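The file start_2.csv contains CSV, C-alpha atoms and all ligand atoms:
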```csv
chain,number,residue,atom,x,y,z
A,3,MET,CA,185.5,8.6,138.2
A,4,ASN,CA,185.8,10.3,141.6
A,5,SER,CA,189.4,11.1,140.9
A,6,GLU,CA,188.4,12.6,137.5
A,7,ILE,CA,185.8,14.8,139.2
A,8,GLU,CA,188.5,15.9,141.7
A,9,PHE,CA,190.9,16.6,138.9
A,10,ILE,CA,188.3,18.7,136.9
A,11,THR,CA,187.6,20.6,140.1
A,12,LEU,CA,191.3,21.2,140.7
A,13,CYS,CA,191.8,22.5,137.1
A,14,LYS,CA,188.7,24.7,137.4
A,15,GLY,CA,190.0,26.2,140.6
A,16,LYS,CA,193.3,27.0,138.9
A,17,ILE,CA,191.5,28.8,136.1
A,18,LEU,CA,189.3,30.7,138.5
A,19,SER,CA,192.3,31.9,140.4
A,20,ASN,CA,193.9,33.3,137.2
A,21,GLN,CA,196.3,30.5,136.6
A,22,SER,CA,196.7,28.4,133.4
A,23,ILE,CA,196.5,24.7,133.1
A,24,THR,CA,199.4,22.8,131.7
A,25,PRO,CA,199.3,20.9,128.4
A,26,GLN,CA,199.5,17.7,130.4
A,27,GLU,CA,196.5,18.8,132.5
A,28,ALA,CA,194.6,19.7,129.4
A,29,GLU,CA,195.3,16.3,128.0
A,30,LYS,CA,193.9,14.6,131.1
A,31,ILE,CA,190.8,16.8,130.9
A,32,ILE,CA,190.0,16.1,127.2
A,33,ASN,CA,190.3,12.4,127.9
A,34,VAL,CA,187.9,12.2,130.8
A,35,SER,CA,185.4,9.3,130.6
A,36,ASP,CA,182.0,9.8,129.1
A,37,GLU,CA,180.6,9.4,132.7
A,38,SER,CA,182.5,12.6,133.7
A,39,LEU,CA,181.6,14.6,130.6
A,40,GLN,CA,178.6,16.4,132.2
A,41,ILE,CA,180.8,17.4,135.1
A,42,LEU,CA,183.4,18.7,132.7
A,43,SER,CA,180.8,20.7,130.7
A,44,ASP,CA,179.4,22.1,134.0
A,45,ALA,CA,182.9,23.2,135.0
A,46,ALA,CA,183.5,24.9,131.7
A,47,ASN,CA,180.1,26.6,132.0
A,48,GLU,CA,181.0,27.8,135.5
A,49,ILE,CA,184.3,29.3,134.2
A,50,THR,CA,182.4,31.0,131.4
A,51,ARG,CA,179.8,32.5,133.7
A,52,LYS,CA,182.2,33.7,136.3
A,53,ILE,CA,184.6,35.3,133.9
A,54,SER,CA,182.3,36.5,131.1
A,55,GLY,CA,178.8,36.6,132.7
A,56,ASN,CA,175.7,35.6,130.9
A,57,LEU,CA,176.2,37.4,127.6
A,58,VAL,CA,176.2,35.4,124.3
A,59,ASP,CA,177.9,37.1,121.4
A,60,VAL,CA,175.7,36.9,118.4
A,61,GLU,CA,177.2,37.7,115.0
A,62,SER,CA,176.0,37.4,111.4
A,63,LEU,CA,178.1,36.9,108.3
A,64,ILE,CA,177.9,37.9,104.7
A,65,ASN,CA,179.7,35.9,102.1
A,66,ALA,CA,180.7,39.0,100.1
A,67,LYS,CA,182.6,37.1,97.4
A,68,LYS,CA,181.6,33.5,96.9
A,69,GLY,CA,183.5,30.5,95.4
A,70,LYS,CA,186.2,30.1,92.8
A,71,CYS,CA,188.9,30.3,95.5
A,72,GLN,CA,192.3,29.3,94.2
A,73,GLU,CA,193.2,27.4,97.4
A,74,ASP,CA,192.5,23.7,97.9
A,75,CYS,CA,191.2,23.4,101.5
A,76,SER,CA,189.6,20.0,101.4
A,77,PHE,CA,186.6,20.9,103.6
A,78,CYS,CA,185.6,23.9,101.5
A,79,SER,CA,183.0,23.9,98.8
A,80,GLN,CA,184.3,27.4,97.7
A,81,SER,CA,187.5,26.0,96.4
A,82,ALA,CA,187.9,26.1,92.6
A,83,PHE,CA,189.6,22.7,92.9
A,84,TYR,CA,186.3,20.9,93.5
A,85,LYS,CA,183.0,20.4,91.7
A,86,SER,CA,180.7,21.3,94.5
A,87,GLY,CA,178.1,22.9,92.4
A,88,ILE,CA,177.6,26.0,94.5
A,89,ASP,CA,176.6,29.3,92.9
A,90,THR,CA,179.5,31.7,92.8
A,91,TYR,CA,179.8,35.4,92.5
A,92,LYS,CA,182.4,38.2,92.5
A,93,LEU,CA,182.5,40.9,95.2
A,94,LEU,CA,178.9,42.0,95.9
A,95,PRO,CA,178.0,45.6,95.2
A,96,ALA,CA,178.4,48.0,98.1
A,97,ASP,CA,174.7,48.6,98.3
A,98,THR,CA,173.9,44.9,98.8
A,99,ILE,CA,176.4,44.6,101.6
A,100,VAL,CA,175.4,47.8,103.4
A,101,GLN,CA,171.7,46.7,103.2
A,102,ASN,CA,172.6,43.3,104.8
A,103,ALA,CA,174.5,45.1,107.6
A,104,ARG,CA,171.4,47.3,108.1
A,105,LEU,CA,169.1,44.2,108.3
A,106,SER,CA,171.5,42.5,110.8
A,107,LYS,CA,171.4,45.6,113.0
A,108,GLU,CA,167.6,45.7,112.8
A,109,ASP,CA,167.5,42.0,113.9
A,110,GLY,CA,169.4,43.0,117.0
A,111,VAL,CA,172.7,41.4,115.9
A,112,LYS,CA,175.8,42.9,117.5
A,113,SER,CA,178.4,42.5,114.8
A,114,PHE,CA,178.6,42.0,111.1
A,115,CYS,CA,181.4,40.0,109.5
A,116,LEU,CA,182.4,40.5,105.9
A,117,VAL,CA,183.9,37.3,104.5
A,118,CYS,CA,185.5,36.8,101.1
A,119,ALA,CA,186.5,33.5,99.5
A,120,TRP,CA,190.0,34.1,98.1
A,121,ARG,CA,193.6,33.6,99.2
A,122,GLY,CA,193.8,37.3,100.0
A,123,PRO,CA,192.6,40.6,98.5
A,124,THR,CA,194.3,42.2,95.5
A,125,GLN,CA,195.0,45.9,96.1
A,126,ASN,CA,191.9,46.7,93.9
A,127,ASP,CA,189.7,44.3,95.9
A,128,PHE,CA,191.0,45.8,99.1
A,129,GLU,CA,190.2,49.4,98.1
A,130,GLN,CA,186.6,48.3,97.3
A,131,ILE,CA,186.3,46.5,100.7
A,132,CYS,CA,187.6,49.7,102.5
A,133,GLU,CA,185.0,51.8,100.7
A,134,ILE,CA,182.2,49.3,101.7
A,135,ILE,CA,183.4,49.4,105.3
A,136,SER,CA,183.3,53.2,105.3
A,137,GLN,CA,179.8,53.1,104.0
A,138,ILE,CA,178.6,50.7,106.7
A,139,ASN,CA,180.2,52.9,109.3
A,140,ASP,CA,178.5,56.0,107.9
A,141,LYS,CA,175.1,54.6,107.0
A,142,VAL,CA,174.5,51.7,109.5
A,143,GLY,CA,176.8,51.9,112.5
A,144,ILE,CA,177.2,48.2,113.4
A,145,GLU,CA,180.4,46.7,114.6
A,146,VAL,CA,182.3,45.4,111.5
A,147,ASN,CA,184.6,42.4,111.5
A,148,CYS,CA,186.4,41.0,108.4
A,149,SER,CA,187.7,37.7,107.1
A,150,LEU,CA,189.6,38.5,104.0
A,151,GLY,CA,192.3,35.8,103.9
A,152,PHE,CA,196.0,36.6,104.0
A,153,ILE,CA,196.7,40.3,104.5
A,154,ASP,CA,199.9,42.3,104.9
A,155,GLU,CA,200.6,44.8,107.6
A,156,SER,CA,199.6,47.9,105.7
A,157,MET,CA,196.2,46.3,105.0
A,158,ALA,CA,195.7,45.4,108.6
A,159,ARG,CA,196.6,49.0,109.6
A,160,ARG,CA,194.0,50.4,107.1
A,161,LEU,CA,191.3,48.1,108.6
A,162,LYS,CA,192.2,49.3,112.1
A,163,GLU,CA,191.9,52.9,110.9
A,164,LEU,CA,188.5,52.1,109.5
A,165,LYS,CA,187.5,50.9,113.0
A,166,VAL,CA,187.2,47.3,112.1
A,167,LYS,CA,187.0,45.6,115.4
A,168,ARG,CA,188.1,42.0,114.8
A,169,TYR,CA,189.9,40.1,112.0
A,170,ASN,CA,189.1,36.5,111.4
A,171,HIS,CA,191.7,34.1,110.2
A,172,ASN,CA,191.3,30.5,111.4
A,173,LEU,CA,194.2,28.1,111.9
A,174,GLU,CA,191.5,25.5,110.7
A,175,ALA,CA,193.4,22.5,112.0
A,176,SER,CA,196.4,21.5,114.2
A,177,ARG,CA,199.9,21.9,112.7
A,178,SER,CA,200.3,18.1,112.6
A,179,PHE,CA,197.0,17.7,110.6
A,180,PHE,CA,197.2,20.8,108.4
A,181,SER,CA,199.0,19.3,105.4
A,182,LYS,CA,196.2,16.6,105.2
A,183,ILE,CA,193.6,19.3,104.5
A,184,CYS,CA,195.5,21.9,102.4
A,185,SER,CA,198.5,21.9,100.1
A,186,THR,CA,198.3,25.4,98.6
A,187,HIS,CA,199.4,27.2,101.7
A,188,THR,CA,200.9,26.3,105.1
A,189,TYR,CA,200.0,26.5,108.7
A,190,ASP,CA,202.9,29.0,109.2
A,191,GLU,CA,201.4,31.3,106.6
A,192,ARG,CA,198.2,31.3,108.5
A,193,MET,CA,200.1,31.9,111.7
A,194,ASN,CA,201.9,34.8,110.1
A,195,THR,CA,198.7,36.7,109.2
A,196,ASN,CA,197.5,36.1,112.8
A,197,MET,CA,200.7,37.7,114.1
A,198,ILE,CA,200.2,40.7,111.8
A,199,VAL,CA,196.6,41.1,113.0
A,200,LYS,CA,197.8,41.1,116.6
A,201,LYS,CA,200.7,43.4,115.9
A,202,THR,CA,198.5,46.1,114.4
A,203,GLY,CA,196.1,46.0,117.4
A,204,LEU,CA,193.0,44.5,115.6
A,205,GLU,CA,191.2,42.0,117.8
A,206,LEU,CA,191.9,38.5,116.6
A,207,CYS,CA,189.2,35.9,115.8
A,208,CYS,CA,191.0,32.6,115.2
A,209,GLY,CA,189.6,29.1,115.5
A,210,GLY,CA,189.2,26.0,113.4
A,211,ILE,CA,187.1,23.1,112.2
A,212,ILE,CA,186.7,19.8,114.0
A,213,GLY,CA,185.5,16.5,112.6
A,214,MET,CA,187.7,16.5,109.6
A,215,GLY,CA,189.3,13.1,110.6
A,216,GLU,CA,191.8,14.5,113.1
A,217,THR,CA,192.4,12.7,116.3
A,218,ARG,CA,191.3,13.9,119.7
A,219,MET,CA,194.9,14.7,120.5
A,220,GLN,CA,195.1,16.8,117.3
A,221,ARG,CA,192.1,18.8,118.4
A,222,LEU,CA,193.9,19.4,121.7
A,223,GLU,CA,197.0,20.4,119.8
A,224,LEU,CA,194.9,23.0,117.9
A,225,GLY,CA,193.5,24.3,121.2
A,226,LEU,CA,196.9,24.6,122.7
A,227,ASP,CA,198.2,26.6,119.7
A,228,LEU,CA,195.1,28.8,119.6
A,229,ALA,CA,195.5,29.5,123.3
A,230,LYS,CA,199.0,30.8,122.7
A,231,LEU,CA,197.6,33.4,120.3
A,232,VAL,CA,195.2,34.6,123.1
A,233,PRO,CA,192.4,35.4,120.5
A,234,GLU,CA,189.6,37.7,121.6
A,235,GLU,CA,187.3,35.2,119.8
A,236,CYS,CA,187.6,31.6,118.7
A,237,PRO,CA,185.1,30.1,116.3
A,238,ILE,CA,184.7,26.3,116.6
A,239,ASN,CA,183.2,25.0,113.4
A,240,ILE,CA,182.0,21.4,113.1
A,241,LEU,CA,182.6,19.9,109.6
A,242,VAL,CA,179.5,19.6,107.5
A,243,PRO,CA,180.7,17.5,104.6
A,244,GLN,CA,180.2,19.3,101.4
A,245,LYS,CA,179.3,17.6,98.1
A,246,GLY,CA,182.3,17.3,95.7
A,247,THR,CA,185.0,18.1,98.3
A,248,PRO,CA,187.5,15.4,99.4
A,249,LEU,CA,185.8,15.3,102.8
A,250,GLU,CA,182.4,14.6,101.3
A,251,MET,CA,182.2,11.2,102.9
A,252,GLN,CA,183.9,12.1,106.2
A,253,PRO,CA,182.0,10.3,109.0
A,254,ARG,CA,180.3,12.5,111.6
A,255,ILE,CA,182.1,13.4,114.8
A,256,SER,CA,180.1,12.4,117.9
A,257,LEU,CA,178.3,14.8,120.3
A,258,SER,CA,180.6,13.7,123.1
A,259,GLU,CA,183.7,14.7,121.1
A,260,ILE,CA,182.2,18.1,120.3
A,261,LEU,CA,181.3,18.8,123.9
A,262,ARG,CA,184.7,17.7,125.3
A,263,THR,CA,186.4,19.9,122.7
A,264,ILE,CA,184.3,22.9,123.6
A,265,ALA,CA,185.0,22.3,127.3
A,266,VAL,CA,188.8,21.9,127.0
A,267,PHE,CA,189.0,25.0,124.7
A,268,ARG,CA,187.2,26.9,127.5
A,269,PHE,CA,189.8,25.7,130.0
A,270,LEU,CA,192.6,26.7,127.7
A,271,MET,CA,191.1,30.1,126.7
A,272,PRO,CA,189.0,31.3,129.7
A,273,LYS,CA,188.5,34.9,128.6
A,274,THR,CA,188.0,34.2,124.8
A,275,ILE,CA,184.5,34.4,123.2
A,276,LEU,CA,184.1,30.7,122.1
A,277,LYS,CA,181.8,30.8,119.2
A,278,ILE,CA,179.9,27.8,118.0
A,279,ALA,CA,179.9,28.4,114.3
A,280,GLY,CA,179.3,26.2,111.2
A,281,GLY,CA,177.7,22.8,111.9
A,282,ARG,CA,175.9,24.0,115.1
A,283,GLU,CA,172.4,23.4,113.8
A,284,VAL,CA,173.3,20.2,112.0
A,285,TYR,CA,175.2,18.4,114.8
A,286,LEU,CA,173.7,19.9,117.9
A,287,SER,CA,170.1,20.3,116.6
A,288,SER,CA,168.0,20.3,119.8
A,289,GLU,CA,171.1,20.1,122.0
A,290,GLN,CA,172.6,23.5,121.0
A,291,GLU,CA,171.9,24.6,124.6
A,292,LYS,CA,174.5,22.0,125.7
A,293,ALA,CA,177.2,23.9,123.9
A,294,LEU,CA,176.2,27.3,125.4
A,295,LEU,CA,176.0,25.7,128.8
A,296,GLY,CA,179.2,23.8,128.3
A,297,GLY,CA,181.8,26.5,127.7
A,298,ALA,CA,180.7,28.3,124.5
A,299,ASN,CA,179.4,31.9,124.7
A,300,GLY,CA,178.9,33.0,121.1
A,301,ILE,CA,177.0,31.9,118.0
A,302,ILE,CA,176.7,32.8,114.3
A,303,THR,CA,173.2,33.4,113.4
A,304,GLY,CA,171.3,33.5,110.1
A,305,GLY,CA,173.4,31.0,108.2
A,306,TYR,CA,177.0,30.5,107.1
A,307,LEU,CA,179.0,30.9,104.0
A,308,THR,CA,177.6,28.0,102.0
A,309,ILE,CA,175.0,26.5,104.3
A,310,GLY,CA,171.9,27.9,106.0
A,311,GLY,CA,171.3,28.3,109.7
A,312,ASN,CA,168.8,29.3,112.3
A,313,SER,CA,167.0,32.7,112.0
A,314,PRO,CA,168.1,35.4,114.5
A,315,ASP,CA,164.6,35.2,116.2
A,316,LYS,CA,164.9,31.5,116.8
A,317,ASP,CA,168.4,31.9,118.2
A,318,PHE,CA,167.5,34.8,120.5
A,319,GLU,CA,164.6,32.8,121.8
A,320,MET,CA,166.9,29.8,122.6
A,321,ILE,CA,169.3,32.1,124.4
A,322,SER,CA,166.7,33.6,126.6
A,323,ARG,CA,165.1,30.1,127.2
A,324,ILE,CA,168.3,28.9,128.8
A,325,GLY,CA,168.6,32.0,131.0
A,326,LEU,CA,171.4,33.8,129.0
A,327,GLU,CA,171.4,37.2,127.4
A,328,ALA,CA,172.3,38.4,123.9
A,401,LIG,S1,188.7,27.9,103.3
A,401,LIG,FE1,189.1,30.0,102.5
A,401,LIG,S2,191.1,29.8,101.5
A,401,LIG,FE2,190.4,27.7,101.8
A,401,LIG,S3,189.4,27.2,99.8
A,401,LIG,FE3,187.8,28.0,101.2
A,401,LIG,S4,187.6,30.1,100.7
A,401,LIG,FE4,189.6,29.4,99.9
```

Just dump the structure as structure tokens.
Ligand code: SF4
Amino acid sequence: MNSEIEFITLCKGKILSNQSITPQEAEKIINVSDESLQILSDAANEITRKISGNLVDVESLINAKKGKCQEDCSFCSQSAFYKSGIDTYKLLPADTIVQNARLSKEDGVKSFCLVCAWRGPTQNDFEQICEIISQINDKVGIEVNCSLGFIDESMARRLKELKVKRYNHNLEASRSFFSKICSTHTYDERMNTNMIVKKTGLELCCGGIIGMGETRMQRLELGLDLAKLVPEECPINILVPQKGTPLEMQPRISLSEILRTIAVFRFLMPKTILKIAGGREVYLSSEQEKALLGGANGIITGGYLTIGGNSPDKDFEMISRIGLEA
């Protein structure tokens, strides 16, 4: 154990002196014993505090178009392939979305992410989305992020012109696991949209989902690929099995696996906002602080795409209770 502590300290020192750790070092870190896990979380916390300070990035989402997606992602209750029983709707009216953005701003939330369940927008959908973003800019004035699926370069440029700050497009899983969770598109197609986002100068929000049956090494593989993209933000979702989906009966991932994943992602992406997203309330419950004191520095508040979450009040209270700021 002492040699593990020395190794964690050595790797932390490398990060804090602006160097990267190697994939071999990352592998050693993610495999530390449970006895050393608290030391690992503390080291990830120290890196976070020294590089990014005490600020927690708090974001809210709106599911602007829900369900009936033509893709078959096996974790997703919005896929038309599965009988998940969720309510579905087409793109919400502009007024509804603008009002949600206004309420988020009044709640003290910093950014508002517009999410749509489809493979990618048609030109007509995209024009409507652009109009909605213009209205949020004019009438509310909150930072707008988008998650609209696959987009081409001209769409990315339009979003940039509309002052969209960040575009979310997750890798979801490691390359070696991806075909187990999706057959209607490929890992490389996801990568391609991420490259377009980066090329056009939008900030990139790119992460994935853990607990889908992947191995610890596949979680590391995902972290290594994400780190190569140098995303400004990386959401870590924890699978909440959804009724009717192929992953409905997936056993729960352990708290120890969640915490070691967050910590190693912090070592791999020292400057990125690591956001604990879907599954936070379900898996971490009273231990959500452990994630924010173990490498994470962002949360989604007020619920997710198909499941509820904490209210902003409750989240802001938790953040200040542990000595951090929102
Ligand atoms: S994850 Fe996105 S692309 Fe996949 S089925 Fe769900 S909404 Fe569609």

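Separating atom CA of A:Gly281 from atom CA of A:Ala298 is a distance of 14.1 Å.
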
Exercise for review: All residues within 6 Å of ligand LIG 401 (chain A) are required, counting only C-alpha atoms and all ligand atoms; please report them as number ranges by chain.
Suggested key: A: 71, 73-75, 78, 80-81, 119-121

Point to revise | Straight-line distance linking atom CA of A:Leu228 with atom CA of A:Pro248, stated in Å to one decimal | key: 25.4 Å

Check your understanding: Given the choices A:Arg168, A:Lys14, A:Arg104, A:Lys112, which gets closest to A:Ile53 if the distance is worked out from all atoms listed in the file?
Key -> A:Lys14

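Nearest residue to A:Lys16, choosing from A:Phe318, A:Leu42, A:Pro272, A:Gly143 and counting all atoms listed in the file: A:Pro272.
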
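With distances taken over all atoms listed in the file, A:Gly15 is the one residue among A:Asp140, A:Asn33, A:Gly15, A:Leu231 lying closest to A:Ala46.
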
**Study point:** Closest of A:Glu145, A:Lys245, A:Glu37, A:Ser86 to A:Lys165 - atom-to-atom distances counting only C-alpha atoms
**Key:**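 For A:Lys165, the nearest of the candidates is A:Glu145.
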
Point to revise | Close residues, A:Ile135 itself excluded, 12 Å, all atoms listed in the file, min 4 positions apart in chain, as JSON, numbers by chain | key: {"A": [66, 96, 97, 99, 100, 103, 114, 115, 116, 128, 129, 130, 131, 139, 140, 141, 142, 143, 144, 145, 146, 147, 148, 160, 161, 162, 163, 164, 165, 166, 167]}

Let's have the selection written as a JSON list (two decimals), keeping the file's coordinate frame, with C-alpha atoms.
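Once written, result34.json looks like this:
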```json
[["chain", "number", "residue", "atom", "x", "y", "z"],
["A", 66, "ALA", "CA", 180.70, 39.00, 100.10],
["A", 96, "ALA", "CA", 178.40, 48.00, 98.10],
["A", 97, "ASP", "CA", 174.70, 48.60, 98.30],
["A", 99, "ILE", "CA", 176.40, 44.60, 101.60],
["A", 100, "VAL", "CA", 175.40, 47.80, 103.40],
["A", 103, "ALA", "CA", 174.50, 45.10, 107.60],
["A", 114, "PHE", "CA", 178.60, 42.00, 111.10],
["A", 115, "CYS", "CA", 181.40, 40.00, 109.50],
["A", 116, "LEU", "CA", 182.40, 40.50, 105.90],
["A", 128, "PHE", "CA", 191.00, 45.80, 99.10],
["A", 129, "GLU", "CA", 190.20, 49.40, 98.10],
["A", 130, "GLN", "CA", 186.60, 48.30, 97.30],
["A", 131, "ILE", "CA", 186.30, 46.50, 100.70],
["A", 139, "ASN", "CA", 180.20, 52.90, 109.30],
["A", 140, "ASP", "CA", 178.50, 56.00, 107.90],
["A", 141, "LYS", "CA", 175.10, 54.60, 107.00],
["A", 142, "VAL", "CA", 174.50, 51.70, 109.50],
["A", 143, "GLY", "CA", 176.80, 51.90, 112.50],
["A", 144, "ILE", "CA", 177.20, 48.20, 113.40],
["A", 145, "GLU", "CA", 180.40, 46.70, 114.60],
["A", 146, "VAL", "CA", 182.30, 45.40, 111.50],
["A", 147, "ASN", "CA", 184.60, 42.40, 111.50],
["A", 148, "CYS", "CA", 186.40, 41.00, 108.40],
["A", 160, "ARG", "CA", 194.00, 50.40, 107.10],
["A", 161, "LEU", "CA", 191.30, 48.10, 108.60],
["A", 162, "LYS", "CA", 192.20, 49.30, 112.10],
["A", 163, "GLU", "CA", 191.90, 52.90, 110.90],
["A", 164, "LEU", "CA", 188.50, 52.10, 109.50],
["A", 165, "LYS", "CA", 187.50, 50.90, 113.00],
["A", 166, "VAL", "CA", 187.20, 47.30, 112.10],
["A", 167, "LYS", "CA", 187.00, 45.60, 115.40]]
```

**Study point:** Minimum-distance residue to A:Leu326, chosen among A:Glu250, A:Glu291, A:Asp154, A:Asp89 (using all atoms listed in the file)
**Key:**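 Smallest distance to A:Leu326 is found for A:Glu291.
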
Practice item. Can you work out the spacing between atom CA of A:Leu150 and atom CA of A:Met214 in Å, to one decimal? Key: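 Result for atom CA of A:Leu150 versus atom CA of A:Met214: 22.8 Å, one decimal.
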
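Neighbours of A:Ala28 closer than or equal to 12 Å, with only C-alpha atoms counted and sequence neighbours fewer than 6 positions away skipped, come out as Phe9, Ile10, Leu12, Cys13, Lys14, Ile17, Ser22, Val34, Leu42, Arg218, Met219, Arg221, Leu222, Glu223, Leu224, Gly225, Leu226, Ala229, Arg262, Thr263, Ala265, Val266, Phe267, Arg268, Phe269, Leu270 and Met271 of chain A.
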
Could you model N, CA, C and O atoms for stretch 138-153 of chain A and present them as an mmCIF file, in the frame of the given file?
```cif
data_model
loop_
_atom_site.group_PDB
_atom_site.id
_atom_site.type_symbol
_atom_site.label_atom_id
_atom_site.label_comp_id
_atom_site.auth_asym_id
_atom_site.auth_seq_id
_atom_site.Cartn_x
_atom_site.Cartn_y
_atom_site.Cartn_z
ATOM 1 N N ILE A 138 179.354 51.292 105.544
ATOM 2 C CA ILE A 138 178.600 50.700 106.700
ATOM 3 C C ILE A 138 178.777 51.534 107.914
ATOM 4 O O ILE A 138 177.812 51.771 108.649
ATOM 5 N N ASN A 139 179.988 52.038 108.142
ATOM 6 C CA ASN A 139 180.200 52.900 109.300
ATOM 7 C C ASN A 139 179.297 54.147 109.238
ATOM 8 O O ASN A 139 178.654 54.517 110.228
ATOM 9 N N ASP A 140 179.246 54.767 108.043
ATOM 10 C CA ASP A 140 178.500 56.000 107.900
ATOM 11 C C ASP A 140 176.986 55.801 107.929
ATOM 12 O O ASP A 140 176.247 56.575 108.523
ATOM 13 N N LYS A 141 176.531 54.731 107.245
ATOM 14 C CA LYS A 141 175.100 54.600 107.000
ATOM 15 C C LYS A 141 174.394 53.649 107.995
ATOM 16 O O LYS A 141 173.186 53.673 108.117
ATOM 17 N N VAL A 142 175.143 52.746 108.646
ATOM 18 C CA VAL A 142 174.500 51.700 109.500
ATOM 19 C C VAL A 142 174.952 51.861 110.965
ATOM 20 O O VAL A 142 174.137 51.939 111.882
ATOM 21 N N GLY A 143 176.267 51.852 111.170
ATOM 22 C CA GLY A 143 176.800 51.900 112.500
ATOM 23 C C GLY A 143 176.610 50.609 113.280
ATOM 24 O O GLY A 143 175.925 50.530 114.307
ATOM 25 N N ILE A 144 177.162 49.548 112.732
ATOM 26 C CA ILE A 144 177.200 48.200 113.400
ATOM 27 C C ILE A 144 178.679 47.869 113.502
ATOM 28 O O ILE A 144 179.489 48.325 112.681
ATOM 29 N N GLU A 145 179.022 47.084 114.515
ATOM 30 C CA GLU A 145 180.400 46.700 114.600
ATOM 31 C C GLU A 145 180.781 45.801 113.423
ATOM 32 O O GLU A 145 180.074 44.859 113.089
ATOM 33 N N VAL A 146 181.889 46.161 112.748
ATOM 34 C CA VAL A 146 182.300 45.400 111.500
ATOM 35 C C VAL A 146 183.518 44.563 111.833
ATOM 36 O O VAL A 146 184.492 45.026 112.421
ATOM 37 N N ASN A 147 183.422 43.298 111.431
ATOM 38 C CA ASN A 147 184.600 42.400 111.500
ATOM 39 C C ASN A 147 184.840 41.953 110.040
ATOM 40 O O ASN A 147 183.974 42.059 109.180
ATOM 41 N N CYS A 148 186.051 41.452 109.807
ATOM 42 C CA CYS A 148 186.400 41.000 108.400
ATOM 43 C C CYS A 148 187.103 39.693 108.444
ATOM 44 O O CYS A 148 187.812 39.348 109.389
ATOM 45 N N SER A 149 186.923 38.973 107.335
ATOM 46 C CA SER A 149 187.700 37.700 107.100
ATOM 47 C C SER A 149 188.029 37.736 105.632
ATOM 48 O O SER A 149 187.225 37.367 104.776
ATOM 49 N N LEU A 150 189.234 38.229 105.354
ATOM 50 C CA LEU A 150 189.600 38.500 104.000
ATOM 51 C C LEU A 150 190.812 37.651 103.524
ATOM 52 O O LEU A 150 191.459 37.954 102.530
ATOM 53 N N GLY A 151 191.147 36.628 104.286
ATOM 54 C CA GLY A 151 192.300 35.800 103.900
ATOM 55 C C GLY A 151 193.611 36.413 104.353
ATOM 56 O O GLY A 151 193.662 37.182 105.323
ATOM 57 N N PHE A 152 194.657 36.099 103.612
ATOM 58 C CA PHE A 152 196.000 36.600 104.000
ATOM 59 C C PHE A 152 196.058 38.105 103.700
ATOM 60 O O PHE A 152 195.692 38.555 102.613
ATOM 61 N N ILE A 153 196.510 38.853 104.691
ATOM 62 C CA ILE A 153 196.700 40.300 104.500
ATOM 63 C C ILE A 153 198.074 40.699 104.988
ATOM 64 O O ILE A 153 198.667 40.005 105.815
#
```
